[in-house]
>>> print(open('data20.txt').read())   # compact mmCIF, C-alpha atoms
# COMPACT_ATOMS: atom_id res chain seq x y z
CA MET A 1411 15.45 -12.44 19.26
CA ALA A 1412 19.02 -13.56 18.95
CA ASP A 1413 21.99 -12.11 17.11
CA SER A 1414 23.28 -14.33 14.34
CA ALA A 1415 26.16 -11.94 13.86
CA LYS A 1416 27.12 -8.64 15.33
CA GLY A 1417 24.32 -6.22 14.47
CA ALA A 1418 22.25 -8.79 12.54
CA VAL A 1419 19.14 -9.82 14.42
CA ARG A 1420 17.18 -12.96 13.50
CA VAL A 1421 13.50 -12.45 14.12
CA PRO A 1422 11.53 -15.43 15.47
CA VAL A 1423 8.65 -16.76 13.42
CA THR A 1424 6.10 -15.78 16.06
CA MET A 1425 7.16 -12.14 15.83
CA LYS A 1426 7.20 -12.20 12.01
CA PHE A 1427 3.64 -13.51 12.16
CA GLY A 1428 2.60 -10.85 14.66
CA TYR A 1429 4.22 -8.09 12.64
CA SER A 1430 2.66 -9.25 9.37
CA ALA A 1431 -0.76 -9.50 11.05
CA GLY A 1432 -0.78 -5.72 11.20
CA LEU A 1433 -0.33 -5.51 7.45
CA PHE A 1434 -3.23 -7.94 7.02
CA GLY A 1435 -5.52 -5.38 8.67
CA ILE A 1436 -3.88 -2.46 6.86
CA SER A 1437 -4.30 -4.25 3.53
CA MET A 1438 -7.96 -4.98 4.23
CA VAL A 1439 -8.82 -1.31 4.63
CA GLN A 1440 -6.45 -0.16 1.89
CA THR A 1441 -7.89 -2.64 -0.62
CA SER A 1442 -11.45 -1.81 0.41
CA VAL A 1443 -10.79 1.87 -0.24
CA SER A 1444 -9.01 1.32 -3.55
CA VAL A 1445 -11.51 -1.27 -4.88
CA LEU A 1446 -14.86 -0.23 -3.40
CA LEU A 1447 -14.82 3.37 -2.18
CA LEU A 1448 -15.03 5.17 -5.52
CA TYR A 1449 -17.80 2.78 -6.58
CA PHE A 1450 -19.60 3.43 -3.27
CA TYR A 1451 -19.37 7.18 -3.84
CA THR A 1452 -20.58 7.12 -7.45
CA ASP A 1453 -23.16 4.32 -7.40
CA ILE A 1454 -24.48 4.42 -3.80
CA LEU A 1455 -24.04 8.05 -2.71
CA HIS A 1456 -24.54 9.24 -6.33
CA ILE A 1457 -21.63 11.66 -6.19
CA PRO A 1458 -20.44 12.62 -9.72
CA PRO A 1459 -17.27 10.69 -10.74
CA ALA A 1460 -15.00 13.74 -10.92
CA SER A 1461 -16.18 14.97 -7.50
CA ALA A 1462 -15.77 11.49 -6.04
CA GLY A 1463 -12.25 11.29 -7.45
CA GLY A 1464 -11.57 14.71 -5.95
CA ILE A 1465 -12.52 13.46 -2.47
CA VAL A 1466 -10.14 10.54 -2.83
CA PHE A 1467 -7.44 12.81 -4.20
CA LEU A 1468 -7.67 15.33 -1.35
CA GLY A 1469 -8.08 12.68 1.34
CA THR A 1470 -5.07 10.77 0.15
CA PHE A 1471 -2.89 13.88 0.20
CA ALA A 1472 -4.07 14.54 3.77
CA ASP A 1473 -2.99 10.97 4.53
CA ALA A 1474 0.37 11.56 2.89
CA PHE A 1475 1.25 14.66 4.89
CA SER A 1476 -0.13 13.11 8.08
CA SER A 1477 2.41 10.33 7.54
CA VAL A 1478 5.21 12.88 7.90
CA PHE A 1479 3.57 14.28 11.03
CA ALA A 1480 3.33 10.72 12.39
CA ALA A 1481 7.10 10.43 11.90
CA TRP A 1482 7.59 13.67 13.85
CA VAL A 1483 5.41 12.36 16.69
CA ALA A 1484 7.37 9.08 16.74
CA ASN A 1485 10.59 11.04 17.11
CA HIS A 1486 9.30 13.24 19.94
CA HIS A 1487 7.82 10.86 22.44
CA HIS A 1488 9.44 8.38 24.79
CA SER A 1489 7.81 5.14 25.91
CA PRO A 1490 9.00 1.84 27.38
CA LEU A 1491 7.08 0.21 24.49
CA GLY A 1492 9.36 1.83 21.94
CA ARG A 1493 9.01 4.50 19.28
CA TYR A 1494 6.36 3.06 16.96
CA ARG A 1495 4.24 0.57 18.89
CA PRO A 1496 2.45 3.15 21.10
CA LEU A 1497 1.14 4.90 17.97
CA LEU A 1498 -0.24 1.62 16.63
CA ILE A 1499 -1.96 0.86 19.92
CA GLY A 1500 -3.51 4.32 20.16
CA VAL A 1501 -4.78 4.53 16.57
CA SER A 1502 -6.29 1.04 16.23
CA ALA A 1503 -9.76 1.98 17.58
CA PRO A 1504 -10.15 5.32 15.69
CA LEU A 1505 -9.11 3.55 12.49
CA ALA A 1506 -11.96 1.05 12.93
CA VAL A 1507 -14.54 3.74 13.75
CA PHE A 1508 -13.82 6.08 10.84
CA PHE A 1509 -13.56 3.22 8.35
CA ALA A 1510 -17.09 2.17 9.35
CA LEU A 1511 -18.42 5.74 9.09
CA MET A 1512 -16.84 6.18 5.67
CA PHE A 1513 -18.97 3.37 4.21
CA SER A 1514 -22.24 4.60 5.77
CA ARG A 1515 -24.97 6.59 4.00
CA PRO A 1516 -26.84 8.91 6.37
CA ASP A 1517 -30.14 10.50 5.34
CA LEU A 1518 -28.77 13.77 3.96
CA SER A 1519 -29.18 15.93 0.87
CA ALA A 1520 -26.82 15.55 -2.07
CA GLY A 1521 -24.64 18.46 -1.00
CA GLN A 1522 -24.55 17.32 2.61
CA LEU A 1523 -23.62 13.80 1.51
CA TRP A 1524 -20.59 15.19 -0.35
CA ILE A 1525 -19.50 17.02 2.83
CA TYR A 1526 -20.10 13.90 4.94
CA ALA A 1527 -18.08 11.77 2.51
CA ALA A 1528 -15.22 14.27 2.46
CA VAL A 1529 -15.04 14.67 6.26
CA THR A 1530 -15.22 10.95 7.08
CA HIS A 1531 -12.69 10.20 4.36
CA LEU A 1532 -10.27 12.82 5.71
CA CYS A 1533 -10.60 11.50 9.28
CA TYR A 1534 -10.07 7.92 8.12
CA ARG A 1535 -7.01 8.94 6.08
CA ILE A 1536 -5.37 10.65 9.05
CA CYS A 1537 -5.90 7.52 11.17
CA TYR A 1538 -4.57 5.38 8.35
CA ALA A 1539 -1.43 7.53 8.12
CA PHE A 1540 -0.78 7.10 11.85
CA THR A 1541 -1.11 3.34 11.27
CA LEU A 1542 0.90 2.73 8.11
CA ALA A 1543 3.88 5.02 8.81
CA PRO A 1544 4.87 3.54 12.20
CA HIS A 1545 4.10 -0.01 11.11
CA SER A 1546 6.31 0.44 8.03
CA ALA A 1547 9.17 1.88 10.08
CA LEU A 1548 8.97 -0.94 12.60
CA ILE A 1549 10.75 -3.28 10.15
CA GLY A 1550 13.97 -1.32 10.74
CA ARG A 1551 13.69 -2.05 14.47
CA LEU A 1552 13.21 -5.79 14.00
CA SER A 1553 16.49 -6.55 12.21
CA SER A 1554 19.44 -4.74 10.64
CA ASP A 1555 20.23 -7.62 8.24
CA ALA A 1556 19.25 -7.05 4.58
CA ASP A 1557 18.37 -10.70 3.91
CA GLU A 1558 16.34 -10.94 7.10
CA ARG A 1559 14.44 -7.83 6.09
CA SER A 1560 13.68 -9.49 2.76
CA ALA A 1561 12.36 -12.54 4.61
CA ILE A 1562 10.15 -10.30 6.75
CA GLY A 1563 9.05 -8.61 3.54
CA ALA A 1564 7.88 -11.96 2.18
CA TRP A 1565 5.73 -12.47 5.29
CA LYS A 1566 4.32 -8.99 4.83
CA ALA A 1567 3.57 -9.63 1.16
CA VAL A 1568 1.61 -12.77 2.00
CA ALA A 1569 -0.31 -10.93 4.73
CA ASN A 1570 -0.92 -8.05 2.35
CA ASN A 1571 -2.53 -10.35 -0.19
CA LEU A 1572 -4.54 -12.24 2.41
CA GLY A 1573 -5.95 -8.87 3.45
CA LEU A 1574 -6.60 -8.05 -0.20
CA MET A 1575 -8.48 -11.31 -0.71
CA ALA A 1576 -10.51 -10.83 2.46
CA ALA A 1577 -11.51 -7.33 1.39
CA ALA A 1578 -12.27 -8.32 -2.19
CA TYR A 1579 -14.09 -11.63 -1.87
CA LEU A 1580 -15.50 -11.49 1.65
CA GLY A 1581 -16.02 -7.74 1.47
CA ILE A 1582 -18.07 -7.81 -1.73
CA SER A 1583 -19.90 -10.90 -0.48
CA THR A 1584 -20.72 -9.10 2.78
CA VAL A 1585 -22.21 -6.21 0.86
CA GLU A 1586 -24.26 -8.58 -1.31
CA LYS A 1587 -25.50 -10.95 1.40
CA LEU A 1588 -26.14 -8.51 4.24
CA GLY A 1589 -27.44 -5.77 1.97
CA GLY A 1590 -29.87 -7.85 -0.05
CA THR A 1591 -31.96 -5.39 -2.06
CA ASP A 1592 -30.42 -2.47 -0.13
CA PRO A 1593 -26.72 -2.18 -1.08
CA ALA A 1594 -26.30 0.87 1.18
CA ARG A 1595 -27.13 -1.29 4.20
CA GLY A 1596 -24.69 -3.93 2.94
CA PHE A 1597 -21.91 -1.36 2.72
CA MET A 1598 -22.69 -0.13 6.25
CA MET A 1599 -22.43 -3.67 7.65
CA PHE A 1600 -19.27 -4.27 5.65
CA GLY A 1601 -17.67 -1.11 7.06
CA ALA A 1602 -18.47 -2.05 10.65
CA ILE A 1603 -17.25 -5.65 10.36
CA PHE A 1604 -14.08 -5.00 8.40
CA GLY A 1605 -13.18 -1.85 10.31
CA THR A 1606 -13.33 -3.79 13.57
CA ALA A 1607 -11.23 -6.64 12.13
CA ALA A 1608 -8.59 -4.22 10.84
CA GLY A 1609 -8.37 -2.35 14.14
CA MET A 1610 -7.91 -5.60 16.07
CA SER A 1611 -5.20 -6.77 13.64
CA VAL A 1612 -3.22 -3.56 14.12
CA LEU A 1613 -3.57 -3.75 17.90
CA TYR A 1614 -2.39 -7.38 17.92
CA SER A 1615 0.61 -6.50 15.76
CA ALA A 1616 1.68 -3.78 18.18
CA LEU A 1617 1.37 -6.08 21.17
CA ALA A 1618 3.09 -9.06 19.50
CA THR A 1619 6.29 -7.26 18.44
CA ARG A 1620 9.29 -5.76 20.22
CA GLU A 1621 11.59 -2.93 19.16
CA ARG A 1622 15.34 -3.00 19.26
CA ALA A 1623 16.74 0.20 20.72
CA GLY A 1624 19.88 2.28 20.91
CA GLY A 1625 23.06 2.58 18.87
CA ARG A 1626 22.81 3.65 15.28
CA HIS A 1627 19.00 3.53 15.38
CA ASP A 1628 18.88 6.84 17.29
CA ASP A 1629 18.12 9.03 14.30
CA THR A 1630 17.57 12.69 13.56
CA GLY A 1631 14.57 14.01 15.47
CA GLN A 1632 14.11 17.42 13.84
CA PHE A 1633 12.10 17.75 10.64
CA ILE A 1634 14.30 20.09 8.55
CA PRO A 1635 17.55 18.15 9.19
CA GLY A 1636 15.67 14.91 8.53
CA LEU A 1637 14.22 16.24 5.26
CA THR A 1638 17.67 17.45 4.22
CA LEU A 1639 19.15 14.01 4.81
CA ILE A 1640 16.40 12.38 2.75
CA LEU A 1641 16.84 14.79 -0.15
CA ARG A 1642 20.61 14.27 -0.14
CA ASN A 1643 20.22 10.46 -0.08
CA SER A 1644 20.19 9.37 -3.74
CA GLN A 1645 19.04 5.83 -2.94
CA MET A 1646 16.15 7.07 -0.81
CA ARG A 1647 15.05 9.39 -3.61
CA LEU A 1648 14.93 6.42 -5.99
CA VAL A 1649 12.82 4.33 -3.60
CA LEU A 1650 10.39 7.21 -3.03
CA ALA A 1651 10.03 7.98 -6.74
CA SER A 1652 9.53 4.33 -7.69
CA THR A 1653 6.99 3.90 -4.90
CA LEU A 1654 4.97 6.97 -5.91
CA ILE A 1655 4.77 5.85 -9.54
CA PHE A 1656 3.92 2.27 -8.65
CA PHE A 1657 1.11 3.15 -6.25
CA ALA A 1658 -0.49 5.50 -8.76
CA GLY A 1659 -0.80 2.47 -11.04
CA TYR A 1660 -1.80 0.25 -8.10
CA MET A 1661 -4.77 2.52 -7.33
CA LEU A 1662 -5.84 2.47 -10.97
CA MET A 1663 -5.52 -1.32 -11.00
CA ASN A 1664 -7.67 -1.93 -7.92
CA SER A 1665 -10.33 0.71 -8.55
CA GLY A 1666 -10.64 -0.22 -12.20
CA VAL A 1667 -11.64 -3.83 -11.48
CA VAL A 1668 -15.24 -3.08 -10.49
CA TYR A 1669 -15.81 -0.79 -13.49
CA PHE A 1670 -14.19 -3.28 -15.88
CA PHE A 1671 -16.43 -6.15 -14.84
CA LYS A 1672 -19.62 -4.11 -14.44
CA TYR A 1673 -19.53 -1.97 -17.56
CA ILE A 1674 -17.20 -3.68 -20.06
CA LEU A 1675 -17.71 -7.38 -19.37
CA MET A 1676 -21.19 -6.85 -17.85
CA ARG A 1677 -20.42 -9.57 -15.32
CA PRO A 1678 -20.19 -7.55 -12.07
CA GLU A 1679 -20.52 -10.67 -9.92
CA GLU A 1680 -17.09 -11.84 -11.17
CA ALA A 1681 -15.20 -8.74 -9.98
CA LYS A 1682 -14.53 -10.30 -6.60
CA PHE A 1683 -12.97 -13.36 -8.24
CA ALA A 1684 -10.56 -11.15 -10.18
CA VAL A 1685 -9.38 -9.44 -7.00
CA VAL A 1686 -9.08 -12.84 -5.32
CA ALA A 1687 -6.93 -13.96 -8.29
CA ILE A 1688 -4.68 -10.96 -7.63
CA GLY A 1689 -4.47 -12.07 -4.00
CA VAL A 1690 -3.67 -15.69 -4.87
CA GLY A 1691 -0.85 -14.54 -7.17
CA GLY A 1692 0.41 -12.38 -4.34
CA ILE A 1693 0.41 -15.29 -1.89
CA VAL A 1694 2.09 -17.82 -4.17
CA MET A 1695 4.94 -15.63 -5.39
CA PRO A 1696 6.56 -13.90 -2.35
CA PRO A 1697 8.64 -16.93 -1.25
CA LEU A 1698 9.87 -17.29 -4.84
CA TRP A 1699 10.63 -13.58 -5.15
CA SER A 1700 12.43 -13.68 -1.78
CA ALA A 1701 14.61 -16.58 -2.96
CA ALA A 1702 15.33 -14.80 -6.24
CA ILE A 1703 16.43 -11.66 -4.40
CA ARG A 1704 19.33 -13.61 -2.89
CA ARG A 1705 20.54 -14.43 -6.41
CA THR A 1706 19.99 -11.01 -7.96
CA SER A 1707 18.87 -7.87 -6.11
CA LYS A 1708 15.76 -6.25 -4.67
CA ALA A 1709 15.71 -3.65 -7.44
CA ARG A 1710 15.77 -6.21 -10.24
CA ILE A 1711 13.00 -8.25 -8.66
CA TRP A 1712 10.89 -5.09 -8.20
CA ALA A 1713 11.40 -4.27 -11.90
CA ALA A 1714 10.62 -7.85 -12.97
CA GLY A 1715 7.35 -7.78 -11.05
CA CYS A 1716 6.34 -4.50 -12.68
CA ILE A 1717 7.03 -5.89 -16.14
CA VAL A 1718 4.89 -8.96 -15.38
CA MET A 1719 2.04 -6.64 -14.38
CA ALA A 1720 2.44 -4.50 -17.50
CA VAL A 1721 2.48 -7.49 -19.85
CA ALA A 1722 -0.65 -8.93 -18.25
CA PHE A 1723 -2.55 -5.65 -18.56
CA ALA A 1724 -1.36 -5.13 -22.13
CA SER A 1725 -2.47 -8.66 -23.03
CA ILE A 1726 -5.99 -8.00 -21.74
CA TYR A 1727 -6.19 -4.89 -23.93
CA ILE A 1728 -4.40 -6.06 -27.09
CA PHE A 1729 -5.94 -9.53 -27.30
CA GLY A 1730 -9.37 -8.56 -26.02
CA VAL A 1731 -9.29 -11.05 -23.15
CA VAL A 1732 -12.87 -11.51 -21.90
CA GLY A 1733 -13.25 -15.22 -21.08
CA SER A 1734 -13.59 -16.00 -17.39
CA LEU A 1735 -10.56 -18.32 -17.13
CA PRO A 1736 -8.14 -16.21 -19.23
CA ILE A 1737 -9.11 -13.01 -17.41
CA LEU A 1738 -8.58 -14.65 -14.02
CA LEU A 1739 -5.19 -15.94 -15.19
CA ALA A 1740 -4.25 -12.40 -16.25
CA TYR A 1741 -5.22 -11.01 -12.85
CA PHE A 1742 -3.30 -13.83 -11.15
CA LEU A 1743 -0.18 -12.69 -13.04
CA ILE A 1744 -0.90 -9.09 -12.07
CA GLY A 1745 -1.01 -10.13 -8.41
CA ALA A 1746 2.18 -12.17 -8.80
CA GLY A 1747 3.97 -9.16 -10.27
CA LYS A 1748 2.58 -6.76 -7.68
CA SER A 1749 3.90 -8.91 -4.84
CA ALA A 1750 7.48 -8.34 -6.03
CA VAL A 1751 7.11 -4.70 -5.08
CA ILE A 1752 5.32 -5.43 -1.79
CA VAL A 1753 8.14 -7.79 -0.78
CA ASN A 1754 10.73 -5.10 -1.40
CA PHE A 1755 9.69 -1.52 -0.84
CA TYR A 1756 9.75 -1.52 2.99
CA ALA A 1757 13.04 -3.44 3.09
CA MET A 1758 14.61 -1.24 0.41
CA THR A 1759 13.66 1.84 2.42
CA ALA A 1760 15.38 0.41 5.50
CA ASP A 1761 18.46 -0.35 3.38
CA ALA A 1762 18.39 3.19 1.97
CA VAL A 1763 18.24 4.59 5.52
CA ASP A 1764 21.42 2.67 6.36
CA TYR A 1765 23.01 3.89 3.13
CA GLY A 1766 22.20 7.49 4.02
CA HIS A 1767 23.66 7.05 7.52
CA TRP A 1768 26.83 5.58 6.02
CA LYS A 1769 27.14 8.20 3.27
CA LEU A 1770 26.07 11.32 5.15
CA GLY A 1771 27.06 10.53 8.74
CA ALA A 1772 23.54 10.98 10.19
CA ARG A 1773 20.35 8.92 10.26
CA ALA A 1774 16.75 9.80 9.34
CA GLU A 1775 14.83 6.58 9.98
CA SER A 1776 11.40 7.79 11.12
CA TYR A 1777 11.17 10.57 8.58
CA SER A 1778 12.29 8.26 5.78
CA PHE A 1779 9.42 5.88 6.48
CA GLY A 1780 7.10 8.85 6.93
CA PHE A 1781 8.06 10.02 3.45
CA LEU A 1782 7.68 6.48 2.14
CA SER A 1783 4.08 6.58 3.34
CA LEU A 1784 3.77 10.04 1.79
CA ALA A 1785 5.02 8.69 -1.55
CA ASN A 1786 2.70 5.69 -1.25
CA LYS A 1787 -0.32 7.86 -0.53
CA ALA A 1788 0.61 10.61 -2.97
CA GLY A 1789 0.77 7.93 -5.66
CA THR A 1790 -2.59 6.59 -4.53
CA ALA A 1791 -4.03 10.11 -4.58
CA ILE A 1792 -2.73 10.69 -8.08
CA GLY A 1793 -4.13 7.33 -9.18
CA GLY A 1794 -7.54 8.03 -7.62
CA GLY A 1795 -7.76 11.51 -9.10
CA LEU A 1796 -6.56 10.22 -12.47
CA LEU A 1797 -9.20 7.48 -12.49
CA GLY A 1798 -11.95 10.03 -11.80
CA LEU A 1799 -10.71 12.11 -14.75
CA LEU A 1800 -10.44 9.03 -16.97
CA LEU A 1801 -13.99 7.99 -16.09
CA ASP A 1802 -15.19 11.46 -17.07
CA TRP A 1803 -13.09 11.34 -20.26
CA SER A 1804 -14.64 8.01 -21.18
CA GLY A 1805 -18.14 9.46 -20.90
CA LEU A 1806 -19.24 6.94 -18.28
CA ILE A 1807 -22.86 7.24 -17.11
CA VAL A 1808 -23.25 5.16 -13.95
CA ASN A 1809 -25.86 2.40 -13.78
CA ALA A 1810 -26.64 2.76 -17.51
CA ARG A 1811 -25.72 1.07 -20.76
CA GLN A 1812 -22.58 2.66 -22.23
CA THR A 1813 -21.84 3.69 -25.81
CA ASP A 1814 -19.20 1.85 -27.85
CA GLN A 1815 -16.87 4.85 -27.64
CA THR A 1816 -17.22 4.94 -23.85
CA LEU A 1817 -16.47 1.22 -23.60
CA ASP A 1818 -13.38 1.57 -25.82
CA ARG A 1819 -12.07 4.44 -23.70
CA LEU A 1820 -12.83 2.61 -20.45
CA TRP A 1821 -10.95 -0.44 -21.70
CA ALA A 1822 -7.90 1.64 -22.58
CA ALA A 1823 -7.95 3.58 -19.30
CA ILE A 1824 -8.32 0.51 -17.10
CA CYS A 1825 -5.60 -1.51 -18.86
CA LEU A 1826 -3.04 0.81 -20.41
CA ALA A 1827 -2.75 3.46 -17.69
CA PRO A 1828 -1.63 1.05 -14.91
CA ALA A 1829 0.58 -0.83 -17.39
CA GLY A 1830 2.42 2.36 -18.33
CA LEU A 1831 2.93 3.38 -14.71
CA ALA A 1832 4.27 -0.10 -13.84
CA VAL A 1833 6.88 0.18 -16.61
CA ALA A 1834 7.88 3.66 -15.42
CA SER A 1835 8.35 2.38 -11.85
CA ALA A 1836 10.52 -0.48 -13.17
CA VAL A 1837 12.79 1.90 -15.07
CA VAL A 1838 13.35 4.19 -12.08
CA VAL A 1839 14.00 1.44 -9.52
CA LEU A 1840 16.74 -0.18 -11.61
CA PHE A 1841 19.01 2.72 -10.63
CA PHE A 1842 18.93 1.55 -6.98
CA ARG A 1843 22.44 0.31 -6.09
CA VAL A 1844 22.29 -0.98 -2.49
CA THR A 1845 22.65 -4.73 -3.04
CA ALA A 1846 22.77 -7.24 -0.17
CA LEU A 1847 26.58 -7.35 -0.43
CA LYS A 1848 26.85 -3.57 -0.41
CA HIS A 1849 24.48 -3.38 2.56
CA ARG A 1850 26.59 -5.83 4.59
CA GLU A 1851 29.64 -3.65 3.93
CA ILE A 1852 27.68 -0.58 5.05
CA VAL A 1853 26.53 -2.27 8.28
CA MET A 1854 30.06 -3.43 9.09
CA GLU A 1855 31.47 0.06 8.57
CA LEU A 1856 28.75 1.64 10.71
CA GLN A 1857 29.50 -0.87 13.48
CA ALA A 1858 33.20 -0.05 13.20
CA ARG A 1859 32.45 3.66 13.54
CA GLU A 1860 30.39 3.03 16.65
CA GLY A 1861 33.11 0.84 18.10
CA GLY A 1862 35.54 3.73 17.71
CA LEU A 1863 33.35 6.13 19.68
>>> encode(input="data20.txt", output="structure tokens")
Amino acid sequence: MADSAKGAVRVPVTMKFGYSAGLFGISMVQTSVSVLLLYFYTDILHIPPASAGGIVFLGTFADAFSSVFAAWVANHHHSPLGRYRPLLIGVSAPLAVFFALMFSRPDLSAGQLWIYAAVTHLCYRICYAFTLAPHSALIGRLSSDADERSAIGAWKAVANNLGLMAAAYLGISTVEKLGGTDPARGFMMFGAIFGTAAGMSVLYSALATRERAGGRHDDTGQFIPGLTLILRNSQMRLVLASTLIFFAGYMLMNSGVVYFFKYILMRPEEAKFAVVAIGVGGIVMPPLWSAAIRRTSKARIWAAGCIVMAVAFASIYIFGVVGSLPILLAYFLIGAGKSAVIVNFYAMTADAVDYGHWKLGARAESYSFGFLSLANKAGTAIGGGLLGLLLDWSGLIVNARQTDQTLDRLWAAICLAPAGLAVASAVVVLFFRVTALKHREIVMELQAREGGL
């Protein structure tokens, strides 16, 4: 890595690729959980929808609070490898193992299966927290330049959507082809294969990156002072709130796909193509969003992406979109809009950390990214729990023909709920005020302060 200007580090392409490879694996498991896990619980393990949603809800909150603990661990260990990379190396194998166990169906009674599902889900979520939180925070150690962080964010968005496509298309295909007439066996094989791939991706990412050290990146190590700094940082509060709202809708979006195609369209084999369409939109758009950020701001691009998502969902509902080509186009636009948030929310957190250091005179980097993961997972938990309640409200009876009222309610839940949450996220994020120009001024002032020490 070489400095293009004092304090601004340009990250080589090889390291951007290595860093984004970690998000490929993270996205594979995240997408698999959000798209397939609730369906696996209800239709394979035969857990009632509300109980299945409760497992996801509780597990995701365990993930969220484990993310904060991961930040504490990062702040209280010392390694030549840096602050975050040792955690990624250590958690890569457990992540793979518990992901595989989560998609297995042992020969147990109904009550024992619920306990098994809850325990394996909790263990997986803790491992996931110790993966996502340090990997997210690592972006702040790669470069201090706002535009460079946006460029890294574009790489991450592409990797995120490649992981999404792998989980959706190849994942569902793995279940179908390896399971044959036994879908439970297909899910078990899927869990083993994709868990291993995700663990290896995270391990490679940790080994392929390097952390900058020292100077203003030595942040608050104690939890209470760190939490206080986050709560006093208005820009960090906006990022966390926008993230929580968005990921509640994101969970509804992903988990609703399988139910939409199976029960409303009665074309379950096309569900994987819809998720692939989301992934294609997410791969095509990040370079365009990244270029647009330089002309506007991260917050405006985030909001624009959310509005694109909301309009696409509303169009499916209002115009009764059911044709294969129009529905895939709508999901392509949903993926394109989603990628605007994926490009930005890590980079905006890093910018908000710098803002807080400049405004408050102290830094809370690790805890800020820990709370970002908490907001991400709390939103996902809310979305998962909400979907379980909405499925119950609709009157869904799994693996059966649904009544007209149930289908109408399902349609509304799957389309309008994520659309409304996307709009809410857009409204909140527009209050974010750390533009690229403002961030450069902040960095220069922080450097001047350090120079005066």
>>> residues_around(input="data20.txt", residues="stretch 1452-1465 of chain A", least_positions_apart="5", cutoff="9 Å", atoms="only C-alpha atoms", output="JSON, numbers by chain")
{"A": [1447, 1470, 1515, 1520, 1523, 1524, 1527, 1528, 1531, 1532, 1593, 1594, 1791, 1794, 1795, 1796, 1797, 1798, 1799, 1800, 1801, 1802, 1806, 1808, 1809]}
>>> closest_residue(input="data20.txt", among="A:Ala1472, A:Ala1569, A:Ile1674, A:Met1854", to="A:Met1438", atoms="all atoms listed in the file")
A:Ala1569
>>> closest_atom_pairs(input="data20.txt", of="stretch 1679-1780 of chain A", to="stretch 1818-1838 of chain A", cutoff="12 Å", atoms="all atoms listed in the file", output="tab-separated table")
residue	atom	partner	partner_atom	distance
A:Lys1708	CA	A:Ala1836	CA	11.5
A:Ala1709	CA	A:Ala1836	CA	8.4
A:Arg1710	CA	A:Ala1836	CA	8.3
A:Ile1711	CA	A:Ala1836	CA	9.3
A:Trp1712	CA	A:Ala1836	CA	6.8
A:Ala1713	CA	A:Ala1836	CA	4.1
A:Ala1714	CA	A:Ala1836	CA	7.4
A:Gly1715	CA	A:Ala1836	CA	8.2
A:Cys1716	CA	A:Ala1832	CA	5.0
A:Ile1717	CA	A:Val1833	CA	6.1
A:Val1718	CA	A:Ala1832	CA	9.0
A:Met1719	CA	A:Ala1829	CA	6.7
A:Ala1720	CA	A:Ala1829	CA	4.1
A:Val1721	CA	A:Ala1829	CA	7.3
A:Ala1722	CA	A:Ala1829	CA	8.2
A:Phe1723	CA	A:Cys1825	CA	5.2
A:Ala1724	CA	A:Leu1826	CA	6.4
A:Ser1725	CA	A:Cys1825	CA	8.8
A:Ile1726	CA	A:Cys1825	CA	7.1
A:Tyr1727	CA	A:Cys1825	CA	6.1
A:Ile1728	CA	A:Cys1825	CA	9.5
A:Phe1729	CA	A:Cys1825	CA	11.6
A:Gly1730	CA	A:Trp1821	CA	9.3
A:Val1731	CA	A:Trp1821	CA	10.8
A:Val1732	CA	A:Trp1821	CA	11.2
A:Ala1740	CA	A:Cys1825	CA	11.3
A:Tyr1741	CA	A:Cys1825	CA	11.2
A:Ile1744	CA	A:Ala1829	CA	9.9
A:Gly1747	CA	A:Ala1832	CA	9.7
A:Lys1748	CA	A:Ala1832	CA	9.2
A:Ala1750	CA	A:Ala1836	CA	11.0
A:Val1751	CA	A:Ala1836	CA	9.7
A:Phe1755	CA	A:Ser1835	CA	11.8
>>> atom_distance(input="data20.txt", atom1="atom CA of A:Met1599", atom2="atom CA of A:Gly1745")
27.5 Å
>>> atom_distance(input="data20.txt", atom1="atom CA of A:Gly1428", atom2="atom CA of A:Ala1760")
19.3 Å
>>> residues_near_point(input="data20.txt", point="(5.5, -11.7, 21.5)", cutoff="12 Å", atoms="all atoms listed in the file", output="list in words")
Met1411, Val1421, Pro1422, Val1423, Thr1424, Met1425, Lys1426, Phe1427, Gly1428, Tyr1429, Tyr1614, Ser1615, Ala1616, Leu1617, Ala1618, Thr1619, Arg1620 and Glu1621 of chain A
>>> atom_distance(input="data20.txt", atom1="atom CA of A:Glu1586", atom2="atom CA of A:Met1598")
11.4 Å
>>> residues_around(input="data20.txt", residues="A:Phe1779", least_positions_apart="6", cutoff="8 Å", atoms="only C-alpha atoms", output="PyMOL selection string")
chain A and resi 1481+1543-1544+1546-1547+1759
>>> residues_around(input="data20.txt", residues="stretch 1765-1772 of chain A", least_positions_apart="2", cutoff="7 Å", atoms="all atoms listed in the file", output="list in words")
Asn1643, Asp1761, Ala1762, Val1763, Ala1774, Ile1852 and Leu1856 of chain A
>>> closest_residue(input="data20.txt", among="A:Arg1493, A:Lys1587, A:Arg1677, A:Arg1420", to="A:Ile1562", atoms="all atoms listed in the file")
A:Arg1420
>>> axis_aligned_box(input="data20.txt", around="stretch 1482-1493 of chain A", padding_each_side="3 Å", output="lines of an AutoDock Vina configuration file")
center_x = 8.0
center_y = 6.9
center_z = 20.6
size_x = 11.2
size_y = 19.5
size_z = 19.5
>>> closest_residue(input="data20.txt", among="A:His1849, A:Gly1590, A:Ala1578, A:Arg1622", to="A:Leu1491", atoms="all atoms listed in the file")
A:Arg1622
>>> residues_around(input="data20.txt", residues="A:Ile1752", least_positions_apart="5", cutoff="9 Å", atoms="all atoms listed in the file", output="ChimeraX atom specification")
/A:1563-1564,1566-1567,1570,1692,1696,1712
>>> closest_residue(input="data20.txt", among="A:Val1612, A:Leu1784, A:Val1753, A:Ala1846", to="A:Gly1500", atoms="only C-alpha atoms")
A:Val1612
